[in-house]
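Colleague: Coordinates in work26.txt, compact mmCIF, C-alpha atoms, are listed below.
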```
# COMPACT_ATOMS: atom_id res chain seq x y z
CA MET A 1 -25.01 -24.71 -17.16
CA SER A 2 -24.69 -26.49 -13.88
CA VAL A 3 -22.23 -25.32 -11.26
CA LYS A 4 -20.58 -28.04 -9.23
CA SER A 5 -20.58 -26.58 -5.79
CA PRO A 6 -18.90 -25.64 -3.61
CA VAL A 7 -16.19 -24.23 -5.84
CA SER A 8 -12.98 -23.55 -3.93
CA LEU A 9 -12.11 -19.97 -3.07
CA SER A 10 -8.84 -20.19 -4.97
CA VAL A 11 -10.71 -21.02 -8.20
CA ILE A 12 -13.17 -18.20 -7.54
CA ARG A 13 -10.32 -15.77 -6.99
CA ARG A 14 -8.97 -16.61 -10.45
CA LEU A 15 -12.29 -15.90 -12.20
CA PRO A 16 -11.88 -12.09 -12.29
CA ARG A 17 -8.50 -12.63 -13.89
CA TYR A 18 -10.00 -14.85 -16.62
CA TYR A 19 -12.61 -12.19 -17.09
CA ARG A 20 -9.98 -9.48 -17.56
CA PHE A 21 -7.93 -11.49 -20.04
CA LEU A 22 -10.97 -12.54 -22.04
CA GLY A 23 -12.13 -8.90 -22.09
CA GLU A 24 -8.83 -7.94 -23.68
CA LEU A 25 -8.99 -10.75 -26.21
CA LYS A 26 -12.53 -9.71 -27.09
CA LYS A 27 -11.43 -6.10 -27.50
CA ALA A 28 -8.57 -7.26 -29.74
CA GLY A 29 -11.11 -9.02 -31.97
CA CYS A 30 -10.06 -12.56 -31.03
CA ALA A 31 -12.98 -14.94 -31.60
CA ARG A 32 -11.62 -18.17 -30.15
CA ILE A 33 -8.68 -19.37 -28.15
CA SER A 34 -7.32 -22.76 -27.09
CA SER A 35 -6.63 -23.48 -23.43
CA ARG A 36 -2.95 -23.73 -24.41
CA GLU A 37 -2.90 -20.22 -25.93
CA LEU A 38 -4.87 -18.81 -23.00
CA SER A 39 -2.48 -20.49 -20.58
CA GLU A 40 0.52 -18.84 -22.25
CA LYS A 41 -1.14 -15.43 -22.04
CA MET A 42 -2.10 -15.86 -18.40
CA GLY A 43 0.92 -17.68 -17.06
CA LEU A 44 -1.17 -20.66 -15.90
CA THR A 45 -1.02 -24.23 -17.19
CA ALA A 46 -3.57 -25.34 -19.79
CA SER A 47 -4.71 -28.12 -17.47
CA GLN A 48 -5.28 -25.60 -14.65
CA ILE A 49 -7.48 -23.53 -16.95
CA ARG A 50 -9.49 -26.57 -18.07
CA GLN A 51 -9.89 -27.69 -14.45
CA ASP A 52 -10.95 -24.21 -13.30
CA LEU A 53 -13.55 -23.78 -16.02
CA ASN A 54 -14.80 -27.34 -15.56
CA CYS A 55 -15.93 -26.32 -12.07
CA PHE A 56 -18.59 -24.29 -13.82
CA GLY A 57 -19.48 -26.83 -16.47
CA GLY A 58 -16.70 -26.60 -19.04
CA PHE A 59 -17.41 -24.33 -22.07
CA GLY A 60 -14.58 -25.55 -24.31
CA GLN A 61 -15.02 -27.79 -27.32
CA GLN A 62 -12.41 -30.41 -28.15
CA GLY A 63 -10.34 -29.26 -31.14
CA TYR A 64 -11.98 -25.84 -31.21
CA GLY A 65 -11.03 -24.23 -27.93
CA TYR A 66 -13.05 -21.55 -26.23
CA ASN A 67 -15.37 -19.07 -27.91
CA VAL A 68 -14.00 -15.83 -26.45
CA ASN A 69 -17.25 -13.83 -26.51
CA SER A 70 -19.41 -16.49 -24.97
CA LEU A 71 -16.82 -17.48 -22.34
CA TYR A 72 -16.48 -13.79 -21.41
CA ASP A 73 -20.26 -13.52 -21.04
CA GLU A 74 -20.47 -16.78 -19.09
CA ILE A 75 -17.85 -15.64 -16.60
CA ALA A 76 -19.58 -12.26 -16.23
CA ASN A 77 -22.71 -14.25 -15.51
CA ILE A 78 -20.98 -16.56 -12.99
CA LEU A 79 -19.51 -13.51 -11.24
CA GLY A 80 -22.97 -11.95 -11.15
CA LEU A 81 -21.76 -8.74 -12.76
CA ASN A 82 -25.28 -7.93 -13.91
CA HIS A 83 -26.68 -8.04 -10.37
CA GLN A 84 -25.90 -4.55 -9.07
CA LEU A 85 -25.63 -5.33 -5.39
CA ASN A 86 -26.30 -2.25 -3.27
CA ALA A 87 -23.22 -1.15 -1.34
CA ILE A 88 -22.37 1.56 1.17
CA LEU A 89 -18.92 2.90 1.90
CA ILE A 90 -17.91 3.96 5.39
CA GLY A 91 -14.93 6.21 6.00
CA VAL A 92 -14.48 8.89 3.37
CA GLY A 93 -10.83 9.71 4.20
CA ASN A 94 -8.01 9.43 1.68
CA LEU A 95 -8.55 5.77 1.04
CA GLY A 96 -12.36 5.83 1.04
CA LYS A 97 -12.41 8.75 -1.38
CA ALA A 98 -10.02 6.94 -3.70
CA VAL A 99 -12.02 3.69 -3.58
CA ALA A 100 -15.26 5.56 -4.31
CA ALA A 101 -13.67 7.42 -7.23
CA HIS A 102 -11.37 4.76 -8.64
CA ILE A 103 -13.59 1.68 -8.74
CA ASN A 104 -16.18 1.30 -11.47
CA PHE A 105 -18.77 -0.32 -9.22
CA GLU A 106 -21.47 -0.86 -11.83
CA GLU A 107 -19.08 -2.75 -14.11
CA ARG A 108 -18.21 -4.99 -11.15
CA GLY A 109 -21.78 -5.87 -10.22
CA PHE A 110 -22.35 -3.27 -7.51
CA ARG A 111 -24.14 0.03 -7.03
CA LEU A 112 -22.72 2.51 -4.52
CA ILE A 113 -25.76 3.99 -2.77
CA GLY A 114 -24.35 5.63 0.35
CA LEU A 115 -21.22 7.26 1.77
CA PHE A 116 -20.76 7.67 5.52
CA ASP A 117 -18.29 9.37 7.81
CA GLN A 118 -18.28 10.74 11.33
CA ASN A 119 -16.09 13.74 10.53
CA PRO A 120 -18.28 16.92 10.57
CA ASN A 121 -16.03 18.43 7.88
CA LEU A 122 -16.90 15.61 5.51
CA ILE A 123 -20.59 15.15 6.30
CA GLY A 124 -22.66 16.97 3.70
CA THR A 125 -19.89 17.10 1.09
CA VAL A 126 -20.59 15.36 -2.22
CA ARG A 127 -18.40 12.59 -3.65
CA GLU A 128 -19.19 10.73 -6.86
CA GLY A 129 -22.60 12.37 -6.84
CA ILE A 130 -23.41 11.06 -3.36
CA THR A 131 -23.75 13.24 -0.27
CA VAL A 132 -21.66 11.99 2.65
CA MET A 133 -23.93 11.13 5.58
CA ASP A 134 -23.30 10.97 9.32
CA THR A 135 -22.55 7.42 10.52
CA SER A 136 -25.22 7.98 13.20
CA TYR A 137 -27.72 7.63 10.33
CA LEU A 138 -26.40 4.18 9.33
CA VAL A 139 -29.01 2.03 11.05
CA ASP A 140 -31.92 4.08 9.66
CA PHE A 141 -30.38 4.01 6.21
CA CYS A 142 -29.96 0.22 6.30
CA GLU A 143 -33.56 -0.21 7.43
CA LYS A 144 -34.80 1.92 4.56
CA TYR A 145 -32.53 0.90 1.65
CA HIS A 146 -31.25 -2.58 2.63
CA PRO A 147 -27.68 -2.36 1.31
CA VAL A 148 -26.10 -5.83 1.17
CA VAL A 149 -22.44 -4.89 1.23
CA ALA A 150 -20.47 -2.47 3.40
CA ILE A 151 -17.08 -1.19 2.28
CA LEU A 152 -14.97 -0.43 5.35
CA CYS A 153 -12.35 2.28 4.88
CA ILE A 154 -12.12 3.10 8.56
CA PRO A 155 -9.36 2.64 11.12
CA LYS A 156 -9.36 -0.59 13.09
CA SER A 157 -10.16 1.28 16.30
CA ALA A 158 -13.51 2.42 14.90
CA ALA A 159 -14.40 -0.87 13.24
CA GLY A 160 -15.57 -3.00 16.17
CA GLU A 161 -18.52 -0.91 17.27
CA LEU A 162 -19.43 0.02 13.70
CA CYS A 163 -19.45 -3.56 12.45
CA GLU A 164 -21.73 -4.56 15.27
CA ARG A 165 -24.24 -1.93 14.15
CA LEU A 166 -23.90 -3.03 10.53
CA VAL A 167 -24.30 -6.74 11.23
CA THR A 168 -27.27 -6.04 13.50
CA SER A 169 -28.74 -3.96 10.67
CA GLY A 170 -28.58 -6.97 8.35
CA ILE A 171 -25.32 -6.41 6.48
CA LYS A 172 -23.49 -9.71 6.16
CA SER A 173 -20.96 -8.93 3.45
CA PHE A 174 -17.93 -6.70 3.71
CA TRP A 175 -15.19 -5.35 1.52
CA ASN A 176 -12.77 -4.70 4.30
CA PHE A 177 -9.84 -2.27 4.00
CA SER A 178 -9.55 -1.93 7.78
CA HIS A 179 -7.36 -4.21 9.84
CA TYR A 180 -10.31 -5.41 11.86
CA ASP A 181 -10.74 -9.18 11.63
CA LEU A 182 -14.46 -9.53 11.06
CA THR A 183 -14.51 -13.29 10.68
CA LEU A 184 -13.07 -13.77 14.17
CA ARG A 185 -16.16 -12.17 15.68
CA TYR A 186 -18.90 -13.08 13.19
CA ASP A 187 -18.77 -16.52 11.67
CA ASP A 188 -21.58 -16.05 9.17
CA VAL A 189 -20.26 -12.99 7.35
CA ILE A 190 -18.62 -12.90 3.92
CA VAL A 191 -15.46 -10.82 3.93
CA GLU A 192 -12.95 -9.91 1.27
CA ASN A 193 -10.01 -8.23 2.97
CA VAL A 194 -7.68 -5.78 1.31
CA HIS A 195 -4.77 -5.46 3.71
CA LEU A 196 -2.59 -2.94 1.91
CA SER A 197 0.18 -2.72 4.47
CA ASP A 198 0.40 -6.52 4.74
CA SER A 199 0.91 -6.62 0.99
CA LEU A 200 3.62 -3.97 1.22
CA MET A 201 5.41 -5.80 4.05
CA THR A 202 5.33 -9.03 2.03
CA LEU A 203 6.97 -7.16 -0.84
CA GLY A 204 9.60 -5.81 1.54
CA TYR A 205 10.41 -9.30 2.80
CA ARG A 206 10.84 -10.60 -0.73
CA VAL A 207 13.05 -7.68 -1.78
CA ASN A 208 15.26 -8.07 1.28
CA GLU A 209 15.53 -11.84 0.71
CA ARG A 210 16.70 -11.24 -2.85
CA PHE A 211 19.34 -8.80 -1.60
CA LYS A 212 20.60 -11.45 0.82
CA GLN A 213 20.68 -14.08 -1.94
CA ASN A 214 22.60 -11.77 -4.25
CA GLN A 215 25.11 -11.05 -1.50
CA THR A 216 25.82 -14.71 -0.87
CA GLN A 217 26.20 -15.57 -4.57
CA MET B 1 18.61 -17.54 14.01
CA SER B 2 18.80 -19.56 10.82
CA VAL B 3 16.12 -19.26 8.19
CA LYS B 4 15.29 -22.46 6.36
CA SER B 5 14.94 -21.26 2.82
CA PRO B 6 13.08 -20.95 0.63
CA VAL B 7 10.04 -20.22 2.78
CA SER B 8 6.78 -20.59 0.86
CA LEU B 9 4.96 -17.46 -0.22
CA SER B 10 1.86 -18.43 1.75
CA VAL B 11 3.87 -18.51 5.00
CA ILE B 12 5.46 -15.17 4.13
CA ARG B 13 2.06 -13.66 3.47
CA ARG B 14 0.97 -14.61 6.99
CA LEU B 15 3.95 -12.89 8.64
CA PRO B 16 2.50 -9.34 8.49
CA ARG B 17 -0.61 -10.69 10.18
CA TYR B 18 1.42 -12.23 13.02
CA TYR B 19 3.20 -8.92 13.28
CA ARG B 20 -0.10 -7.02 13.60
CA PHE B 21 -1.51 -9.37 16.22
CA LEU B 22 1.68 -9.39 18.26
CA GLY B 23 1.78 -5.58 18.06
CA GLU B 24 -1.67 -5.48 19.62
CA LEU B 25 -0.75 -7.96 22.33
CA LYS B 26 2.37 -5.93 23.07
CA LYS B 27 0.31 -2.74 23.29
CA ALA B 28 -2.12 -4.51 25.62
CA GLY B 29 0.80 -5.34 27.93
CA CYS B 30 0.76 -9.09 27.25
CA ALA B 31 4.23 -10.51 27.94
CA ARG B 32 3.81 -14.07 26.71
CA ILE B 33 1.34 -16.18 24.81
CA SER B 34 0.98 -19.85 23.99
CA SER B 35 0.51 -20.98 20.40
CA ARG B 36 -2.96 -22.17 21.44
CA GLU B 37 -3.98 -18.72 22.73
CA LEU B 38 -2.46 -17.01 19.69
CA SER B 39 -4.28 -19.45 17.41
CA GLU B 40 -7.62 -18.59 19.02
CA LYS B 41 -6.98 -14.88 18.56
CA MET B 42 -5.92 -15.26 14.94
CA GLY B 43 -8.31 -17.96 13.75
CA LEU B 44 -5.46 -20.30 12.77
CA THR B 45 -4.63 -23.68 14.28
CA ALA B 46 -1.89 -23.86 16.93
CA SER B 47 -0.01 -26.36 14.79
CA GLN B 48 -0.14 -23.98 11.80
CA ILE B 49 1.40 -21.25 13.94
CA ARG B 50 4.15 -23.52 15.21
CA GLN B 51 4.88 -24.71 11.67
CA ASP B 52 4.95 -21.17 10.29
CA LEU B 53 7.30 -19.86 12.96
CA ASN B 54 9.49 -22.95 12.71
CA CYS B 55 10.31 -21.89 9.14
CA PHE B 56 12.30 -19.08 10.73
CA GLY B 57 13.83 -21.11 13.53
CA GLY B 58 11.09 -21.47 16.11
CA PHE B 59 11.12 -18.91 18.97
CA GLY B 60 8.73 -20.71 21.31
CA GLN B 61 9.75 -22.54 24.46
CA GLN B 62 7.98 -25.72 25.50
CA GLY B 63 5.65 -25.00 28.40
CA TYR B 64 6.28 -21.28 28.27
CA GLY B 65 4.93 -20.20 24.89
CA TYR B 66 6.15 -17.17 23.00
CA ASN B 67 7.69 -14.06 24.49
CA VAL B 68 5.47 -11.42 22.83
CA ASN B 69 8.04 -8.61 22.73
CA SER B 70 10.87 -10.66 21.34
CA LEU B 71 8.67 -12.49 18.80
CA TYR B 72 7.34 -9.11 17.65
CA ASP B 73 10.88 -7.82 17.21
CA GLU B 74 12.01 -11.03 15.48
CA ILE B 75 9.18 -10.82 12.95
CA ALA B 76 9.90 -7.12 12.34
CA ASN B 77 13.47 -8.21 11.72
CA ILE B 78 12.48 -11.05 9.39
CA LEU B 79 10.22 -8.66 7.45
CA GLY B 80 13.12 -6.22 7.23
CA LEU B 81 11.03 -3.37 8.63
CA ASN B 82 14.19 -1.53 9.70
CA HIS B 83 15.60 -1.48 6.15
CA GLN B 84 13.89 1.58 4.65
CA LEU B 85 13.86 0.50 1.03
CA ASN B 86 13.66 3.51 -1.29
CA ALA B 87 10.42 3.57 -3.25
CA ILE B 88 8.88 5.78 -5.92
CA LEU B 89 5.19 6.04 -6.70
CA ILE B 90 3.98 6.56 -10.24
CA GLY B 91 0.47 7.84 -10.98
CA VAL B 92 -0.72 10.46 -8.51
CA GLY B 93 -4.43 10.19 -9.36
CA ASN B 94 -7.11 9.30 -6.80
CA LEU B 95 -5.58 5.97 -5.92
CA GLY B 96 -1.94 7.08 -5.97
CA LYS B 97 -2.72 10.05 -3.75
CA ALA B 98 -4.53 7.80 -1.29
CA VAL B 99 -1.70 5.24 -1.21
CA ALA B 100 0.87 7.98 -0.64
CA ALA B 101 -1.19 9.51 2.16
CA HIS B 102 -2.66 6.40 3.76
CA ILE B 103 0.33 4.09 4.05
CA ASN B 104 2.89 4.60 6.76
CA PHE B 105 5.85 3.64 4.60
CA GLU B 106 8.56 4.05 7.22
CA GLU B 107 6.78 1.71 9.62
CA ARG B 108 6.58 -0.87 6.82
CA GLY B 109 10.27 -0.78 5.91
CA PHE B 110 10.12 1.70 3.04
CA ARG B 111 10.94 5.33 2.34
CA LEU B 112 8.90 7.14 -0.31
CA ILE B 113 11.42 9.30 -2.17
CA GLY B 114 9.63 10.27 -5.38
CA LEU B 115 6.18 10.88 -6.87
CA PHE B 116 5.66 10.91 -10.63
CA ASP B 117 2.84 11.69 -13.02
CA GLN B 118 2.49 12.77 -16.62
CA ASN B 119 -0.46 15.09 -15.98
CA PRO B 120 0.77 18.74 -16.25
CA ASN B 121 -1.83 19.74 -13.65
CA LEU B 122 -0.23 17.44 -11.10
CA ILE B 123 3.44 17.97 -11.90
CA GLY B 124 4.90 20.46 -9.44
CA THR B 125 2.19 19.97 -6.82
CA VAL B 126 3.30 18.74 -3.41
CA ARG B 127 1.97 15.55 -1.77
CA GLU B 128 3.21 14.20 1.53
CA GLY B 129 6.03 16.71 1.38
CA ILE B 130 7.20 15.46 -2.03
CA THR B 131 6.95 17.45 -5.26
CA VAL B 132 5.31 15.47 -8.07
CA MET B 133 7.76 15.09 -10.97
CA ASP B 134 7.22 14.52 -14.67
CA THR B 135 7.51 10.83 -15.64
CA SER B 136 9.94 11.93 -18.36
CA TYR B 137 12.41 12.48 -15.50
CA LEU B 138 12.09 8.88 -14.28
CA VAL B 139 15.21 7.44 -15.89
CA ASP B 140 17.43 10.29 -14.67
CA PHE B 141 15.93 10.02 -11.19
CA CYS B 142 16.59 6.28 -11.01
CA GLU B 143 20.16 6.78 -12.16
CA LYS B 144 20.73 9.36 -9.46
CA TYR B 145 18.82 7.93 -6.48
CA HIS B 146 18.55 4.18 -7.21
CA PRO B 147 15.07 3.48 -5.86
CA VAL B 148 14.52 -0.27 -5.48
CA VAL B 149 10.72 -0.39 -5.55
CA ALA B 150 8.18 1.23 -7.86
CA ILE B 151 4.56 1.60 -6.80
CA LEU B 152 2.36 1.53 -9.88
CA CYS B 153 -0.91 3.43 -9.57
CA ILE B 154 -1.32 3.91 -13.30
CA PRO B 155 -3.84 2.53 -15.79
CA LYS B 156 -2.90 -0.67 -17.55
CA SER B 157 -2.65 1.13 -20.88
CA ALA B 158 0.26 3.24 -19.59
CA ALA B 159 2.01 0.44 -17.72
CA GLY B 160 3.74 -1.47 -20.53
CA GLU B 161 6.00 1.31 -21.78
CA LEU B 162 6.59 2.67 -18.31
CA CYS B 163 7.60 -0.68 -16.81
CA GLU B 164 10.08 -1.18 -19.59
CA ARG B 165 11.74 2.12 -18.66
CA LEU B 166 11.70 1.19 -14.98
CA VAL B 167 13.14 -2.30 -15.44
CA THR B 168 15.82 -0.94 -17.78
CA SER B 169 16.62 1.64 -15.10
CA GLY B 170 17.28 -1.13 -12.60
CA ILE B 171 13.97 -1.38 -10.73
CA LYS B 172 13.13 -5.03 -10.20
CA SER B 173 10.46 -4.82 -7.50
CA PHE B 174 6.94 -3.54 -7.86
CA TRP B 175 3.90 -2.87 -5.75
CA ASN B 176 1.41 -3.09 -8.54
CA PHE B 177 -2.08 -1.57 -8.38
CA SER B 178 -2.41 -1.56 -12.18
CA HIS B 179 -3.84 -4.50 -14.05
CA TYR B 180 -0.66 -4.95 -16.03
CA ASP B 181 0.81 -8.44 -15.55
CA LEU B 182 4.46 -7.70 -15.00
CA THR B 183 5.54 -11.27 -14.36
CA LEU B 184 4.34 -12.36 -17.79
CA ARG B 185 6.86 -10.06 -19.43
CA TYR B 186 9.71 -10.00 -16.93
CA ASP B 187 10.54 -13.23 -15.18
CA ASP B 188 13.09 -11.84 -12.76
CA VAL B 189 10.95 -9.15 -11.12
CA ILE B 190 9.33 -9.31 -7.69
CA VAL B 191 5.71 -8.19 -7.80
CA GLU B 192 3.02 -7.84 -5.18
CA ASN B 193 -0.26 -7.17 -6.95
CA VAL B 194 -3.21 -5.36 -5.43
CA HIS B 195 -6.05 -6.02 -7.82
CA LEU B 196 -8.88 -4.10 -6.18
CA SER B 197 -11.56 -4.83 -8.73
CA ASP B 198 -10.69 -8.55 -8.74
CA SER B 199 -11.21 -8.54 -4.99
CA LEU B 200 -14.56 -6.77 -5.38
CA MET B 201 -15.74 -9.21 -8.06
CA THR B 202 -14.77 -12.14 -5.84
CA LEU B 203 -16.90 -10.63 -3.08
CA GLY B 204 -19.79 -10.23 -5.53
CA TYR B 205 -19.57 -13.88 -6.54
CA ARG B 206 -19.66 -15.01 -2.93
CA VAL B 207 -22.60 -12.75 -2.06
CA ASN B 208 -24.59 -13.95 -5.07
CA GLU B 209 -23.81 -17.60 -4.26
CA ARG B 210 -25.13 -17.12 -0.74
CA PHE B 211 -28.34 -15.59 -2.11
CA LYS B 212 -28.78 -18.65 -4.33
CA GLN B 213 -28.15 -21.02 -1.42
CA ASN B 214 -30.67 -19.19 0.76
CA GLN B 215 -33.26 -19.37 -2.00
CA THR B 216 -32.90 -23.12 -2.40
CA GLN B 217 -33.05 -23.81 1.35
```
In structure tokens, what does this structure look like?

Modeller:
Amino acid sequence: MSVKSPVSLSVIRRLPRYYRFLGELKKAGCARISSRELSEKMGLTASQIRQDLNCFGGFGQQGYGYNVNSLYDEIANILGLNHQLNAILIGVGNLGKAVAAHINFEERGFRLIGLFDQNPNLIGTVREGITVMDTSYLVDFCEKYHPVVAILCIPKSAAGELCERLVTSGIKSFWNFSHYDLTLRYDDVIVENVHLSDSLMTLGYRVNERFKQNQTQ
Amino acid sequence: MSVKSPVSLSVIRRLPRYYRFLGELKKAGCARISSRELSEKMGLTASQIRQDLNCFGGFGQQGYGYNVNSLYDEIANILGLNHQLNAILIGVGNLGKAVAAHINFEERGFRLIGLFDQNPNLIGTVREGITVMDTSYLVDFCEKYHPVVAILCIPKSAAGELCERLVTSGIKSFWNFSHYDLTLRYDDVIVENVHLSDSLMTLGYRVNERFKQNQTQ
């Protein structure tokens, strides 16, 4: 299967959602599905689905639809879920602890190999079977184990200096829960941001707008 | 100030980011900033910034730029950060606990007034000064206190039945960390989704693609 590259980020961001829906169909024993049926389930248009999947070479057969099992496997393959990228998580506070515990890394194509914090009360404690290490050990750890992804669950104030150490140590990919804008400083890094409070403020705006609309009706 | 409505969701989603950057400028004692300077700081184009802010009536003055303090306050106002929308959080597991502890709700325009779980070991415990209640009390609670937003930190399997109870009880706005697709079932609800594992899989795809590119170079 040939991938027409580069595939746009908005298509890529929809892939995990296809993967989830196909996983459910598979679990429900559904063997095949038309793009029309899939579109109804997912709230997308059938043409959007065909276009998206065509970016990766198609998969559907005219008059038959998609084979659920093989499309599920193909998307897992495209997402690289079998790759087990080594990741470290920095900042084992409330959020870091929850991310370490809540996410099934191996099912998502990652392996969590290190936890770091600078808080003496946390260093040495064990989370998810991993002993929390002192952030002063980060550079040595990277040299020895070559993690490819860093998960940042640290406050913005701590992120600048820490990211410099990480990038210098060869880490170019970040799952970023901090409010530090990595891409403004490093143009060759890959960053997926999770800005929780931005998401909450967006929700607030939309709720308040609806209130206003209802008042004027 | 007149708001040209409806403003597109992508503009709205950038507002919290403007708010964050302006907050930093304000803290740094910066009194005014041109759209060009702001664009360099934020990694957007100056024309994008002018267009975005024009959706809400402008604010800039030709040859002067933006007054940082007043733009910060205006955006806070647009986002409704002074409104204190009543919210309840359901699912006080790892993720729910972290969301309750990590997010400064009052600064984001919300007030957390209830925590719910169905786990007997959690019911009655106190988190962030709030006693965790049994989900069986949800309908009564909503009738009494009229929360407007529900934060869903529950597994998808539990979400269907629970959302039905919530929507019936008058909650139409959700901050959704579960993988349950609310908008497919209810077309009049406002939902901001935080799909953590989708974000992680997107990162994995991008990292793997870069590996492939480097190999073929």

Colleague: Got a sec to pull out which chain A residues are within 8 Å of chain B, counting all atoms listed in the file, and send them as a PyMOL selection string?

Modeller: chain A and resi 12-13+15-17+41-43+78-81+85+94-95+97-99+101-103+108-110+173-175+184+190-192+194+196-208

Colleague: Nearest residue to Ser34 in chain B out of B:Cys55, B:Leu182, B:Leu152, B:Leu71, using all atoms listed in the file?

Modeller: B:Leu71

Colleague: Please report the interatomic distance between CA of Tyr72 in chain A and CA of Gln48 in chain A in Å with one decimal.

Modeller: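 Distance between the two atoms: 17.6 Å.
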
Colleague: Rounded to one decimal place, report the CA of Ser169 in chain B-CA of Val132 in chain B distance in Å.

Modeller: 19.2 Å

Colleague: Do you have the CA of Tyr18 in chain A-CA of Lys156 in chain B distance handy?

Modeller: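 CA of Tyr18 in chain A sits 15.9 Å away from CA of Lys156 in chain B.
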
Colleague: Would you kindly return, as a ChimeraX atom specification, each protein, DNA or RNA residue with an atom no farther than 12 Å from any atom of Asn119 in chain B, considering only C-alpha atoms and excluding same-chain residues fewer than 3 positions away?

Modeller: /B:90-93,116,122-125,132-136,154

Colleague: With the input short on atoms, add N, CA and C atoms back to range 118-130 of chain B and write it as an mmCIF file, keeping the file's coordinate frame.

Modeller:
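Saved file rebuild_15.cif follows:
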```
data_model
loop_
_atom_site.group_PDB
_atom_site.id
_atom_site.type_symbol
_atom_site.label_atom_id
_atom_site.label_comp_id
_atom_site.auth_asym_id
_atom_site.auth_seq_id
_atom_site.Cartn_x
_atom_site.Cartn_y
_atom_site.Cartn_z
ATOM 1 N N GLN B 118 2.270 12.098 -15.327
ATOM 2 C CA GLN B 118 2.490 12.770 -16.620
ATOM 3 C C GLN B 118 1.489 13.902 -16.832
ATOM 4 N N ASN B 119 0.568 14.054 -15.881
ATOM 5 C CA ASN B 119 -0.460 15.090 -15.980
ATOM 6 C C ASN B 119 0.140 16.451 -15.582
ATOM 7 N N PRO B 120 0.171 17.425 -16.534
ATOM 8 C CA PRO B 120 0.770 18.740 -16.250
ATOM 9 C C PRO B 120 0.115 19.430 -15.052
ATOM 10 N N ASN B 121 -1.156 19.120 -14.787
ATOM 11 C CA ASN B 121 -1.830 19.740 -13.650
ATOM 12 C C ASN B 121 -1.321 19.205 -12.309
ATOM 13 N N LEU B 122 -0.725 18.039 -12.337
ATOM 14 C CA LEU B 122 -0.230 17.440 -11.100
ATOM 15 C C LEU B 122 1.261 17.687 -10.891
ATOM 16 N N ILE B 123 1.988 17.768 -11.997
ATOM 17 C CA ILE B 123 3.440 17.970 -11.900
ATOM 18 C C ILE B 123 3.720 19.297 -11.194
ATOM 19 N N GLY B 124 4.571 19.241 -10.192
ATOM 20 C CA GLY B 124 4.900 20.460 -9.440
ATOM 21 C C GLY B 124 4.079 20.627 -8.173
ATOM 22 N N THR B 125 2.953 19.896 -8.072
ATOM 23 C CA THR B 125 2.190 19.970 -6.820
ATOM 24 C C THR B 125 2.919 19.148 -5.755
ATOM 25 N N VAL B 126 2.596 19.416 -4.509
ATOM 26 C CA VAL B 126 3.300 18.740 -3.410
ATOM 27 C C VAL B 126 2.339 17.815 -2.670
ATOM 28 N N ARG B 127 2.754 16.564 -2.503
ATOM 29 C CA ARG B 127 1.970 15.550 -1.770
ATOM 30 C C ARG B 127 2.866 14.896 -0.741
ATOM 31 N N GLU B 128 2.426 14.827 0.463
ATOM 32 C CA GLU B 128 3.210 14.200 1.530
ATOM 33 C C GLU B 128 4.626 14.765 1.572
ATOM 34 N N GLY B 129 4.729 16.055 1.311
ATOM 35 C CA GLY B 129 6.030 16.710 1.380
ATOM 36 C C GLY B 129 6.922 16.463 0.173
ATOM 37 N N ILE B 130 6.382 15.795 -0.857
ATOM 38 C CA ILE B 130 7.200 15.460 -2.030
ATOM 39 C C ILE B 130 6.592 16.147 -3.263
#
```
